[in-house]
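Structure below is structure_3.pdb: PDB, C-alpha atoms.
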MODEL        1
ATOM      1  CA  MET A   1       1.971   2.975 -46.929
ATOM      2  CA  ASN A   2       5.308   1.469 -45.961
ATOM      3  CA  LYS A   3       4.785  -1.793 -44.047
ATOM      4  CA  LYS A   4       7.416  -0.871 -41.493
ATOM      5  CA  LEU A   5       5.664   2.450 -40.856
ATOM      6  CA  VAL A   6       2.326   0.684 -40.454
ATOM      7  CA  GLY A   7       3.966  -1.735 -38.027
ATOM      8  CA  ALA A   8       5.481   1.128 -36.070
ATOM      9  CA  ILE A   9       2.121   2.935 -35.868
ATOM     10  CA  VAL A  10       0.402  -0.242 -34.666
ATOM     11  CA  ALA A  11       3.133  -0.798 -32.096
ATOM     12  CA  LEU A  12       2.879   2.787 -30.873
ATOM     13  CA  GLY A  13      -0.882   2.495 -30.716
ATOM     14  CA  GLY A  14      -0.577  -0.689 -28.679
ATOM     15  CA  ALA A  15       1.930   0.924 -26.357
ATOM     16  CA  ALA A  16      -0.312   3.978 -25.937
ATOM     17  CA  LEU A  17      -3.251   1.747 -25.096
ATOM     18  CA  ALA A  18      -1.143  -0.204 -22.601
ATOM     19  CA  ALA A  19       0.035   3.061 -21.045
ATOM     20  CA  GLU A  20      -3.549   4.305 -20.738
ATOM     21  CA  VAL A  21      -4.645   1.039 -19.121
ATOM     22  CA  ALA A  22      -1.647   1.130 -16.767
ATOM     23  CA  LEU A  23      -2.305   4.763 -15.791
ATOM     24  CA  HIS A  24      -5.970   4.124 -15.119
ATOM     25  CA  GLY A  25      -5.076   0.963 -13.236
ATOM     26  CA  TYR A  26      -2.428   2.770 -11.200
ATOM     27  CA  LEU A  27      -4.781   5.513 -10.056
ATOM     28  CA  ASP A  28      -7.445   2.926  -9.353
ATOM     29  CA  VAL A  29      -5.122   0.836  -7.210
ATOM     30  CA  MET A  30      -2.876   3.336  -5.448
ATOM     31  CA  TYR A  31      -4.524   6.759  -5.341
ATOM     32  CA  THR A  32      -6.740   7.908  -2.493
ATOM     33  CA  GLU A  33      -9.665   8.710  -4.802
ATOM     34  CA  LYS A  34     -11.243   5.528  -6.086
ATOM     35  CA  ILE A  35     -12.117   5.375  -9.781
ATOM     36  CA  PRO A  36     -15.665   4.035 -10.313
ATOM     37  CA  GLN A  37     -15.534   0.631 -11.984
ATOM     38  CA  GLY A  38     -11.760   0.833 -12.100
ATOM     39  CA  ILE A  39     -10.120  -1.831 -14.200
ATOM     40  CA  MET A  40      -8.099  -3.322 -11.345
ATOM     41  CA  LYS A  41     -11.220  -3.684  -9.226
ATOM     42  CA  ARG A  42     -12.965  -5.528 -12.033
ATOM     43  CA  LEU A  43      -9.944  -7.753 -12.638
ATOM     44  CA  GLY A  44      -9.380  -8.441  -8.974
ATOM     45  CA  ASN A  45     -12.906  -9.164  -7.808
ATOM     46  CA  ARG A  46     -13.237 -12.926  -7.775
ATOM     47  CA  LYS A  47     -16.100 -13.225  -5.303
ATOM     48  CA  SER A  48     -19.637 -13.958  -6.358
ATOM     49  CA  ASP A  49     -22.441 -11.611  -5.389
ATOM     50  CA  LYS A  50     -23.559 -14.168  -2.815
ATOM     51  CA  GLN A  51     -20.087 -14.344  -1.252
ATOM     52  CA  LEU A  52     -19.861 -10.560  -1.079
ATOM     53  CA  ARG A  53     -23.295 -10.303   0.501
ATOM     54  CA  GLU A  54     -22.400 -12.868   3.156
ATOM     55  CA  ILE A  55     -19.134 -11.248   4.218
ATOM     56  CA  HIS A  56     -20.710  -7.785   4.173
ATOM     57  CA  LYS A  57     -23.619  -9.048   6.254
ATOM     58  CA  PHE A  58     -21.203 -10.584   8.744
ATOM     59  CA  ASN A  59     -19.227  -7.349   8.957
ATOM     60  CA  ALA A  60     -22.407  -5.286   9.369
ATOM     61  CA  VAL A  61     -23.441  -7.361  12.389
ATOM     62  CA  GLU A  62     -20.019  -6.920  13.986
ATOM     63  CA  ASN A  63     -20.155  -3.176  13.304
ATOM     64  CA  GLU A  64     -23.543  -2.968  14.976
ATOM     65  CA  TRP A  65     -22.000  -4.542  18.059
ATOM     66  CA  ALA A  66     -18.964  -2.236  17.938
ATOM     67  CA  ASN A  67     -21.210   0.823  17.629
ATOM     68  CA  THR A  68     -22.650   0.055  21.063
ATOM     69  CA  LYS A  69     -19.193   0.420  22.609
ATOM     70  CA  ASP A  70     -17.343   3.522  23.686
ATOM     71  CA  ILE A  71     -14.501   3.457  21.169
ATOM     72  CA  GLU A  72     -11.904   6.191  21.532
ATOM     73  CA  VAL A  73     -10.637   7.911  18.376
ATOM     74  CA  VAL A  74      -6.925   8.748  18.445
ATOM     75  CA  ASP A  75      -4.856  10.952  16.105
ATOM     76  CA  ILE A  76      -1.143  10.700  15.362
ATOM     77  CA  LYS A  77       1.074  12.203  12.679
ATOM     78  CA  ASN A  78       3.639  10.168  10.799
ATOM     79  CA  ASP A  79       7.005  11.347   9.498
ATOM     80  CA  ARG A  80       5.349  12.337   6.207
ATOM     81  CA  ASP A  81       3.160  14.838   8.115
ATOM     82  CA  ILE A  82       0.049  12.749   7.459
ATOM     83  CA  THR A  83      -2.611  12.501  10.154
ATOM     84  CA  LEU A  84      -3.611   8.927  10.900
ATOM     85  CA  LYS A  85      -6.632   7.736  12.884
ATOM     86  CA  GLY A  86      -6.733   4.929  15.411
ATOM     87  CA  TYR A  87      -9.716   3.428  17.216
ATOM     88  CA  TYR A  88      -9.225   2.039  20.721
ATOM     89  CA  LEU A  89     -11.570  -0.211  22.685
ATOM     90  CA  PRO A  90     -10.280  -0.977  26.197
ATOM     91  CA  ALA A  91     -10.968  -4.307  27.826
ATOM     92  CA  GLU A  92     -13.668  -4.368  30.477
ATOM     93  CA  GLU A  93     -11.111  -5.500  33.045
ATOM     94  CA  GLU A  94      -7.538  -4.268  33.243
ATOM     95  CA  THR A  95      -5.085  -6.266  31.143
ATOM     96  CA  LYS A  96      -1.652  -5.693  29.695
ATOM     97  CA  VAL A  97      -2.541  -7.420  26.415
ATOM     98  CA  PHE A  98      -3.306  -5.312  23.356
ATOM     99  CA  VAL A  99      -4.366  -6.429  19.889
ATOM    100  CA  LEU A 100      -3.204  -4.038  17.172
ATOM    101  CA  PHE A 101      -5.019  -4.824  13.929
ATOM    102  CA  ALA A 102      -4.058  -3.945  10.335
ATOM    103  CA  HIS A 103      -6.831  -3.854   7.724
ATOM    104  CA  GLY A 104      -6.776  -4.871   4.087
ATOM    105  CA  TYR A 105      -6.707  -3.040   0.786
ATOM    106  CA  ARG A 106      -9.405  -0.350   0.414
ATOM    107  CA  SER A 107     -10.800  -1.354   3.787
ATOM    108  CA  SER A 108     -10.673   0.593   7.061
ATOM    109  CA  HIS A 109     -10.615   0.115  10.827
ATOM    110  CA  SER A 110     -14.245  -1.038  10.742
ATOM    111  CA  GLY A 111     -13.742  -3.501   7.889
ATOM    112  CA  ASP A 112     -11.535  -6.568   8.446
ATOM    113  CA  PRO A 113     -10.601  -5.591  12.039
ATOM    114  CA  TYR A 114     -14.206  -5.401  13.213
ATOM    115  CA  ASN A 115     -14.757  -8.976  12.050
ATOM    116  CA  PHE A 116     -12.565  -9.862  15.061
ATOM    117  CA  ILE A 117     -13.255  -7.083  17.563
ATOM    118  CA  ARG A 118     -16.014  -8.873  19.488
ATOM    119  CA  PHE A 119     -13.959 -12.061  19.715
ATOM    120  CA  TYR A 120     -10.945 -10.269  21.162
ATOM    121  CA  HIS A 121     -13.067  -8.127  23.493
ATOM    122  CA  GLU A 122     -15.595 -10.642  24.816
ATOM    123  CA  GLU A 123     -13.822 -14.001  24.555
ATOM    124  CA  MET A 124     -10.168 -13.047  24.977
ATOM    125  CA  LYS A 125     -10.780 -10.034  27.266
ATOM    126  CA  TYR A 126      -8.073  -7.981  25.530
ATOM    127  CA  ASN A 127      -7.654  -4.324  24.670
ATOM    128  CA  PHE A 128      -8.245  -3.792  20.952
ATOM    129  CA  MET A 129      -6.980  -1.131  18.573
ATOM    130  CA  SER A 130      -7.560  -0.901  14.847
ATOM    131  CA  VAL A 131      -6.381   1.892  12.569
ATOM    132  CA  ASP A 132      -7.159   3.592   9.302
ATOM    133  CA  HIS A 133      -4.051   3.196   7.181
ATOM    134  CA  VAL A 134      -2.886   5.991   4.901
ATOM    135  CA  THR A 135      -5.660   6.945   2.389
ATOM    136  CA  ALA A 136      -8.178   4.744   4.242
ATOM    137  CA  GLY A 137     -11.179   5.749   6.339
ATOM    138  CA  GLU A 138     -10.550   9.062   8.078
ATOM    139  CA  SER A 139      -6.765   9.030   7.676
ATOM    140  CA  GLU A 140      -5.025  11.397   5.285
ATOM    141  CA  GLY A 141      -2.692  10.641   2.400
ATOM    142  CA  LYS A 142      -2.708  10.392  -1.388
ATOM    143  CA  TYR A 143      -1.113   7.018  -2.090
ATOM    144  CA  LEU A 144      -1.292   3.726  -0.258
ATOM    145  CA  GLY A 145       1.745   1.496   0.017
ATOM    146  CA  PHE A 146       0.666  -2.158  -0.089
ATOM    147  CA  ASP A 147       2.608  -2.535   3.208
ATOM    148  CA  TYR A 148       5.484  -0.131   2.417
ATOM    149  CA  PHE A 149       3.893   2.860   4.186
ATOM    150  CA  GLU A 150       1.537   0.852   6.359
ATOM    151  CA  ALA A 151       4.219  -1.156   8.162
ATOM    152  CA  GLU A 152       6.172   1.965   9.103
ATOM    153  CA  ASP A 153       3.014   3.647  10.365
ATOM    154  CA  MET A 154       2.130   0.581  12.443
ATOM    155  CA  PHE A 155       5.419   0.999  14.308
ATOM    156  CA  LEU A 156       4.210   4.476  15.262
ATOM    157  CA  TRP A 157       1.039   2.947  16.674
ATOM    158  CA  ILE A 158       3.150   0.525  18.709
ATOM    159  CA  ASN A 159       5.095   3.512  20.051
ATOM    160  CA  TYR A 160       1.820   5.226  20.895
ATOM    161  CA  LEU A 161       0.604   2.228  22.884
ATOM    162  CA  THR A 162       3.858   1.761  24.796
ATOM    163  CA  GLU A 163       4.149   5.458  25.618
ATOM    164  CA  ARG A 164       0.565   5.605  26.852
ATOM    165  CA  PHE A 165       0.264   2.261  28.633
ATOM    166  CA  GLY A 166       3.845   1.350  29.521
ATOM    167  CA  ASN A 167       6.756  -0.660  28.214
ATOM    168  CA  ASP A 168       5.502  -3.799  29.946
ATOM    169  CA  ILE A 169       2.450  -4.247  27.709
ATOM    170  CA  LYS A 170       2.078  -7.297  25.452
ATOM    171  CA  ILE A 171       1.047  -6.692  21.846
ATOM    172  CA  ILE A 172      -0.491  -9.085  19.342
ATOM    173  CA  LEU A 173      -0.230  -7.969  15.724
ATOM    174  CA  HIS A 174      -3.047  -9.258  13.514
ATOM    175  CA  GLY A 175      -3.652  -8.348   9.881
ATOM    176  CA  VAL A 176      -5.825  -9.463   6.977
ATOM    177  CA  SER A 177      -4.865  -9.338   3.271
ATOM    178  CA  MET A 178      -2.747  -6.196   2.779
ATOM    179  CA  GLY A 179      -2.851  -5.974   6.569
ATOM    180  CA  GLY A 180      -1.469  -9.501   6.721
ATOM    181  CA  ALA A 181       1.393  -8.420   4.476
ATOM    182  CA  THR A 182       1.845  -5.339   6.655
ATOM    183  CA  VAL A 183       2.392  -7.338   9.844
ATOM    184  CA  CYS A 184       4.654  -9.727   7.909
ATOM    185  CA  LYS A 185       6.710  -6.734   6.797
ATOM    186  CA  MET A 186       7.168  -5.796  10.457
ATOM    187  CA  ALA A 187       8.146  -9.255  11.672
ATOM    188  CA  SER A 188      11.928  -8.875  11.677
ATOM    189  CA  ARG A 189      11.914  -5.476  13.413
ATOM    190  CA  VAL A 190       9.238  -5.654  16.097
ATOM    191  CA  PRO A 191      10.101  -4.395  19.600
ATOM    192  CA  GLU A 192       9.999  -6.613  22.666
ATOM    193  CA  GLN A 193       6.391  -5.655  23.434
ATOM    194  CA  VAL A 194       5.183  -7.589  20.381
ATOM    195  CA  LYS A 195       4.766 -11.226  21.397
ATOM    196  CA  LEU A 196       3.301 -12.820  18.259
ATOM    197  CA  ILE A 197       1.977 -12.082  14.786
ATOM    198  CA  ILE A 198      -1.135 -13.393  13.004
ATOM    199  CA  SER A 199      -1.067 -13.026   9.228
ATOM    200  CA  ASP A 200      -4.303 -13.804   7.389
ATOM    201  CA  CYS A 201      -4.235 -14.217   3.560
ATOM    202  CA  ALA A 202      -1.132 -12.082   3.041
ATOM    203  CA  PHE A 203       0.574 -11.668  -0.333
ATOM    204  CA  THR A 204       4.290 -12.274  -0.740
ATOM    205  CA  SER A 205       4.710  -8.920  -2.498
ATOM    206  CA  ALA A 206       2.593  -6.395  -4.379
ATOM    207  CA  LYS A 207       4.486  -7.355  -7.541
ATOM    208  CA  ASP A 208       3.513 -11.013  -7.113
ATOM    209  CA  GLU A 209      -0.068 -10.057  -6.411
ATOM    210  CA  PHE A 210      -0.375  -7.839  -9.493
ATOM    211  CA  GLU A 211       1.111 -10.584 -11.633
ATOM    212  CA  ASN A 212      -1.457 -13.032 -10.289
ATOM    213  CA  VAL A 213      -4.385 -10.680 -10.927
ATOM    214  CA  VAL A 214      -3.299  -9.767 -14.450
ATOM    215  CA  GLY A 215      -2.235 -13.296 -15.327
ATOM    216  CA  SER A 216      -5.487 -14.837 -14.151
ATOM    217  CA  THR A 217      -7.412 -12.717 -16.657
ATOM    218  CA  GLY A 218      -5.469 -14.052 -19.621
ATOM    219  CA  PHE A 219      -3.297 -10.955 -20.131
ATOM    220  CA  SER A 220      -0.089 -12.476 -18.808
ATOM    221  CA  ARG A 221       1.848 -11.511 -21.945
ATOM    222  CA  ALA A 222       1.068  -7.850 -21.345
ATOM    223  CA  TYR A 223       2.078  -8.033 -17.690
ATOM    224  CA  PRO A 224       5.769  -7.043 -18.015
ATOM    225  CA  LEU A 225       4.856  -3.882 -19.952
ATOM    226  CA  LEU A 226       1.942  -3.006 -17.675
ATOM    227  CA  TYR A 227       3.977  -3.620 -14.547
ATOM    228  CA  GLY A 228       6.923  -1.591 -15.825
ATOM    229  CA  ILE A 229       4.679   1.408 -16.502
ATOM    230  CA  PHE A 230       2.792   0.925 -13.243
ATOM    231  CA  ASN A 231       5.927   0.678 -11.119
ATOM    232  CA  GLY A 232       7.552   3.594 -12.917
ATOM    233  CA  MET A 233       4.566   5.785 -12.081
ATOM    234  CA  ASN A 234       4.613   4.534  -8.524
ATOM    235  CA  LYS A 235       8.262   5.453  -8.030
ATOM    236  CA  LEU A 236       7.587   8.893  -9.478
ATOM    237  CA  LEU A 237       4.317   9.635  -7.659
ATOM    238  CA  ALA A 238       4.340   7.608  -4.442
ATOM    239  CA  GLY A 239       8.116   7.537  -4.049
ATOM    240  CA  PHE A 240       8.883   3.844  -3.642
ATOM    241  CA  ASP A 241       9.628   0.771  -5.732
ATOM    242  CA  LEU A 242       7.049  -2.001  -5.509
ATOM    243  CA  LYS A 243       9.843  -4.528  -4.953
ATOM    244  CA  GLU A 244      10.114  -2.940  -1.500
ATOM    245  CA  THR A 245       6.754  -4.467  -0.587
ATOM    246  CA  ASP A 246       8.235  -7.973  -0.598
ATOM    247  CA  VAL A 247       7.763  -9.534   2.862
ATOM    248  CA  ARG A 248       9.855 -12.699   2.489
ATOM    249  CA  GLU A 249      13.061 -11.453   4.122
ATOM    250  CA  SER A 250      11.159  -9.984   7.049
ATOM    251  CA  VAL A 251       9.254 -13.232   7.572
ATOM    252  CA  ARG A 252      12.493 -15.219   7.316
ATOM    253  CA  GLY A 253      13.963 -13.109  10.107
ATOM    254  CA  ALA A 254      10.812 -12.948  12.238
ATOM    255  CA  LYS A 255      11.631 -12.122  15.864
ATOM    256  CA  VAL A 256       8.371 -13.579  17.216
ATOM    257  CA  PRO A 257       6.176 -16.623  16.532
ATOM    258  CA  MET A 258       3.853 -16.337  13.544
ATOM    259  CA  LEU A 259       0.463 -17.872  12.751
ATOM    260  CA  PHE A 260      -0.405 -17.974   9.055
ATOM    261  CA  VAL A 261      -4.056 -18.281   7.963
ATOM    262  CA  HIS A 262      -5.447 -18.676   4.439
ATOM    263  CA  GLY A 263      -8.524 -19.969   2.659
ATOM    264  CA  ASP A 264      -8.013 -22.814   0.219
ATOM    265  CA  ALA A 265     -10.488 -21.212  -2.214
ATOM    266  CA  ASP A 266      -8.608 -17.902  -2.348
ATOM    267  CA  ASP A 267      -7.745 -17.129  -5.958
ATOM    268  CA  PHE A 268      -7.202 -13.401  -5.430
ATOM    269  CA  VAL A 269      -4.204 -13.877  -3.143
ATOM    270  CA  PRO A 270      -3.513 -17.496  -4.126
ATOM    271  CA  THR A 271      -3.176 -20.028  -1.341
ATOM    272  CA  ARG A 272       0.285 -21.018  -2.589
ATOM    273  CA  MET A 273       1.609 -17.733  -1.176
ATOM    274  CA  VAL A 274       0.875 -18.747   2.413
ATOM    275  CA  PHE A 275       2.820 -21.988   2.007
ATOM    276  CA  GLU A 276       5.814 -20.023   0.779
ATOM    277  CA  LEU A 277       5.620 -17.640   3.729
ATOM    278  CA  TYR A 278       5.155 -20.454   6.213
ATOM    279  CA  ASP A 279       8.149 -22.331   4.803
ATOM    280  CA  THR A 280      10.217 -19.139   4.802
ATOM    281  CA  CYS A 281       9.600 -18.337   8.476
ATOM    282  CA  GLU A 282      12.433 -19.618  10.684
ATOM    283  CA  ASN A 283      10.810 -18.790  14.025
ATOM    284  CA  GLU A 284       8.126 -20.793  15.796
ATOM    285  CA  LYS A 285       5.065 -20.913  13.568
ATOM    286  CA  ASP A 286       1.721 -22.500  12.824
ATOM    287  CA  LEU A 287      -0.558 -22.741   9.807
ATOM    288  CA  LEU A 288      -4.339 -22.824   9.396
ATOM    289  CA  ILE A 289      -5.911 -23.517   6.009
ATOM    290  CA  VAL A 290      -9.678 -22.957   5.991
ATOM    291  CA  GLU A 291     -11.489 -25.200   3.552
ATOM    292  CA  GLY A 292     -13.893 -23.394   1.211
ATOM    293  CA  ALA A 293     -12.833 -19.873   2.249
ATOM    294  CA  ALA A 294     -12.203 -17.325  -0.499
ATOM    295  CA  HIS A 295     -10.141 -14.192   0.059
ATOM    296  CA  ALA A 296     -10.453 -12.749   3.598
ATOM    297  CA  GLU A 297     -13.332 -15.117   4.349
ATOM    298  CA  SER A 298     -11.664 -17.497   6.808
ATOM    299  CA  ILE A 299     -13.262 -15.833   9.844
ATOM    300  CA  LEU A 300     -16.682 -16.253   8.196
ATOM    301  CA  ILE A 301     -16.366 -19.730   6.668
ATOM    302  CA  GLY A 302     -14.254 -21.321   9.393
ATOM    303  CA  SER A 303     -15.157 -19.188  12.392
ATOM    304  CA  ALA A 304     -15.053 -21.910  15.062
ATOM    305  CA  LYS A 305     -11.827 -23.445  13.745
ATOM    306  CA  TYR A 306     -10.185 -20.020  13.343
ATOM    307  CA  LYS A 307     -11.079 -18.885  16.863
ATOM    308  CA  ALA A 308      -9.939 -22.177  18.363
ATOM    309  CA  LYS A 309      -6.588 -21.862  16.579
ATOM    310  CA  LEU A 310      -6.200 -18.266  17.762
ATOM    311  CA  LYS A 311      -6.827 -19.296  21.368
ATOM    312  CA  GLU A 312      -4.405 -22.203  21.091
ATOM    313  CA  PHE A 313      -1.644 -20.161  19.455
ATOM    314  CA  ILE A 314      -2.005 -17.144  21.729
ATOM    315  CA  ALA A 315      -1.988 -19.327  24.865
ATOM    316  CA  LYS A 316       1.498 -20.559  23.950
ATOM    317  CA  TYR A 317       3.056 -17.110  23.956
ATOM    318  CA  ILE A 318       0.890 -14.857  26.136
ATOM    319  CA  ASP A 319       1.000 -15.517  29.882
TER
ENDMDL
END

Would it be possible to restate this file's structure as structure tokens?
Amino acid sequence: MNKKLVGAIVALGGAALAAEVALHGYLDVMYTEKIPQGIMKRLGNRKSDKQLREIHKFNAVENEWANTKDIEVVDIKNDRDITLKGYYLPAEEETKVFVLFAHGYRSSHSGDPYNFIRFYHEEMKYNFMSVDHVTAGESEGKYLGFDYFEAEDMFLWINYLTERFGNDIKIILHGVSMGGATVCKMASRVPEQVKLIISDCAFTSAKDEFENVVGSTGFSRAYPLLYGIFNGMNKLLAGFDLKETDVRESVRGAKVPMLFVHGDADDFVPTRMVFELYDTCENEKDLLIVEGAAHAESILIGSAKYKAKLKEFIAKYID
């Protein structure tokens, strides 16, 4: 057989394999239905079984506490006609301060947010609201946005709170992982009710995060092809370009003070990303690096230090 033909067949076969991997990876990452043992989950999971057990145990305890409270479930519709769910726990005593919490990738209102709900309710005495982002928990939707959809929907939740409780309320935005990127994406456009933002282990963009995950597995050479296919499918199916998830410009133009938190053992969203975001922010800011914390573990590994920093930072900007 002609060598050029053999080469072409091999190349086509390689491209077909890459396309299949990219398609499977895309559905695994972006689509509402989760593929069992999806390739991106396997590539992205850097935590040991022990680490996962510890953070899940911590979250289970906080959920047990939350389940004893009378949490109100709220529905809103976004401009894409998708019903979104919010979960509101009022403070025991009247206060104008509200924490609006954004959860991470493939999490829900009772995941990352509930790791903080008792702290904000019992120690800070604040109203607390967490939400199920599009495709998550009880909310509708087919494709998540890695902050593209989530940030816009969070503005609707801010509108809900101000319309219900008044324009004089004070809102703290707090997010973890994808939720951290979501609140970063909002930073340059927040209304006057938002007084500060807390971003925990946020990525700089979905593109950067995918490159890190793929590159850390040794497939960095295949990344440009995989990303091109992935992003092409995303533009076709979900309707946006992944470059629109970049949070740098929003952070640079932040209208409120920002606290950045990250674990120094985070190799899923690498710690270097938080230094870039911190340096980019031109508003008042602070930084907490938690020694020994892997991805989204800072509240577990450095609980006392994290809570102390939250109290210190919040006290500067909330009367």

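One finds atom CA of Tyr148 of chain A at 16.3 Å from atom CA of Phe101 of chain A.
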
List as an NGL selection string the protein and nucleic acid residues near Thr162 of chain A, meaning an atom at most 8 Å away when all atoms listed in the file are counted, but skip any in the same chain fewer than 6 places from it.
:A and (168-169 or 193)

Suppose you want the space between atom CA of Phe146 of chain A and atom CA of Val73 of chain A; what is it in Å?
23.9 Å

Kindly indicate which residue among A:Thr95, A:Ser107, A:Asn231, A:Asn67 lies nearest to Gly166 of chain A, using all atoms listed in the file for the distances.
A:Thr95

Residues of segment 138-245 of chain A that approach segment 251-264 of chain A to 12 Å or less, counting all atoms listed in the file: could you list each one with the shortest pair of atoms and its distance in Å to one decimal, rows by chain and increasing residue number, as a Markdown table?
| residue | atom | partner | partner_atom | distance |
| --- | --- | --- | --- | --- |
| A:Ile171 | CA | A:Val256 | CA | 11.1 |
| A:Ile172 | CA | A:Val256 | CA | 10.2 |
| A:Leu173 | CA | A:Met258 | CA | 9.6 |
| A:His174 | CA | A:Leu259 | CA | 9.3 |
| A:Gly175 | CA | A:Val261 | CA | 10.1 |
| A:Val176 | CA | A:Val261 | CA | 9.0 |
| A:Ser177 | CA | A:His262 | CA | 9.4 |
| A:Gly180 | CA | A:Phe260 | CA | 8.9 |
| A:Ala181 | CA | A:Val251 | CA | 9.7 |
| A:Thr182 | CA | A:Val251 | CA | 10.9 |
| A:Val183 | CA | A:Val251 | CA | 9.3 |
| A:Cys184 | CA | A:Val251 | CA | 5.8 |
| A:Lys185 | CA | A:Val251 | CA | 7.0 |
| A:Met186 | CA | A:Ala254 | CA | 8.2 |
| A:Ala187 | CA | A:Ala254 | CA | 4.6 |
| A:Ser188 | CA | A:Ala254 | CA | 4.3 |
| A:Arg189 | CA | A:Lys255 | CA | 7.1 |
| A:Val190 | CA | A:Lys255 | CA | 6.9 |
| A:Pro191 | CA | A:Lys255 | CA | 8.7 |
| A:Glu192 | CA | A:Lys255 | CA | 8.9 |
| A:Gln193 | CA | A:Val256 | CA | 10.3 |
| A:Val194 | CA | A:Val256 | CA | 7.5 |
| A:Lys195 | CA | A:Val256 | CA | 6.0 |
| A:Leu196 | CA | A:Pro257 | CA | 5.1 |
| A:Ile197 | CA | A:Met258 | CA | 4.8 |
| A:Ile198 | CA | A:Leu259 | CA | 4.8 |
| A:Ser199 | CA | A:Phe260 | CA | 5.0 |
| A:Asp200 | CA | A:Val261 | CA | 4.5 |
| A:Cys201 | CA | A:His262 | CA | 4.7 |
| A:Ala202 | CA | A:His262 | CA | 8.0 |
| A:Phe203 | CA | A:His262 | CA | 10.4 |
| A:Thr204 | CA | A:Val251 | CA | 9.7 |
| A:Ser205 | CA | A:Val251 | CA | 11.9 |
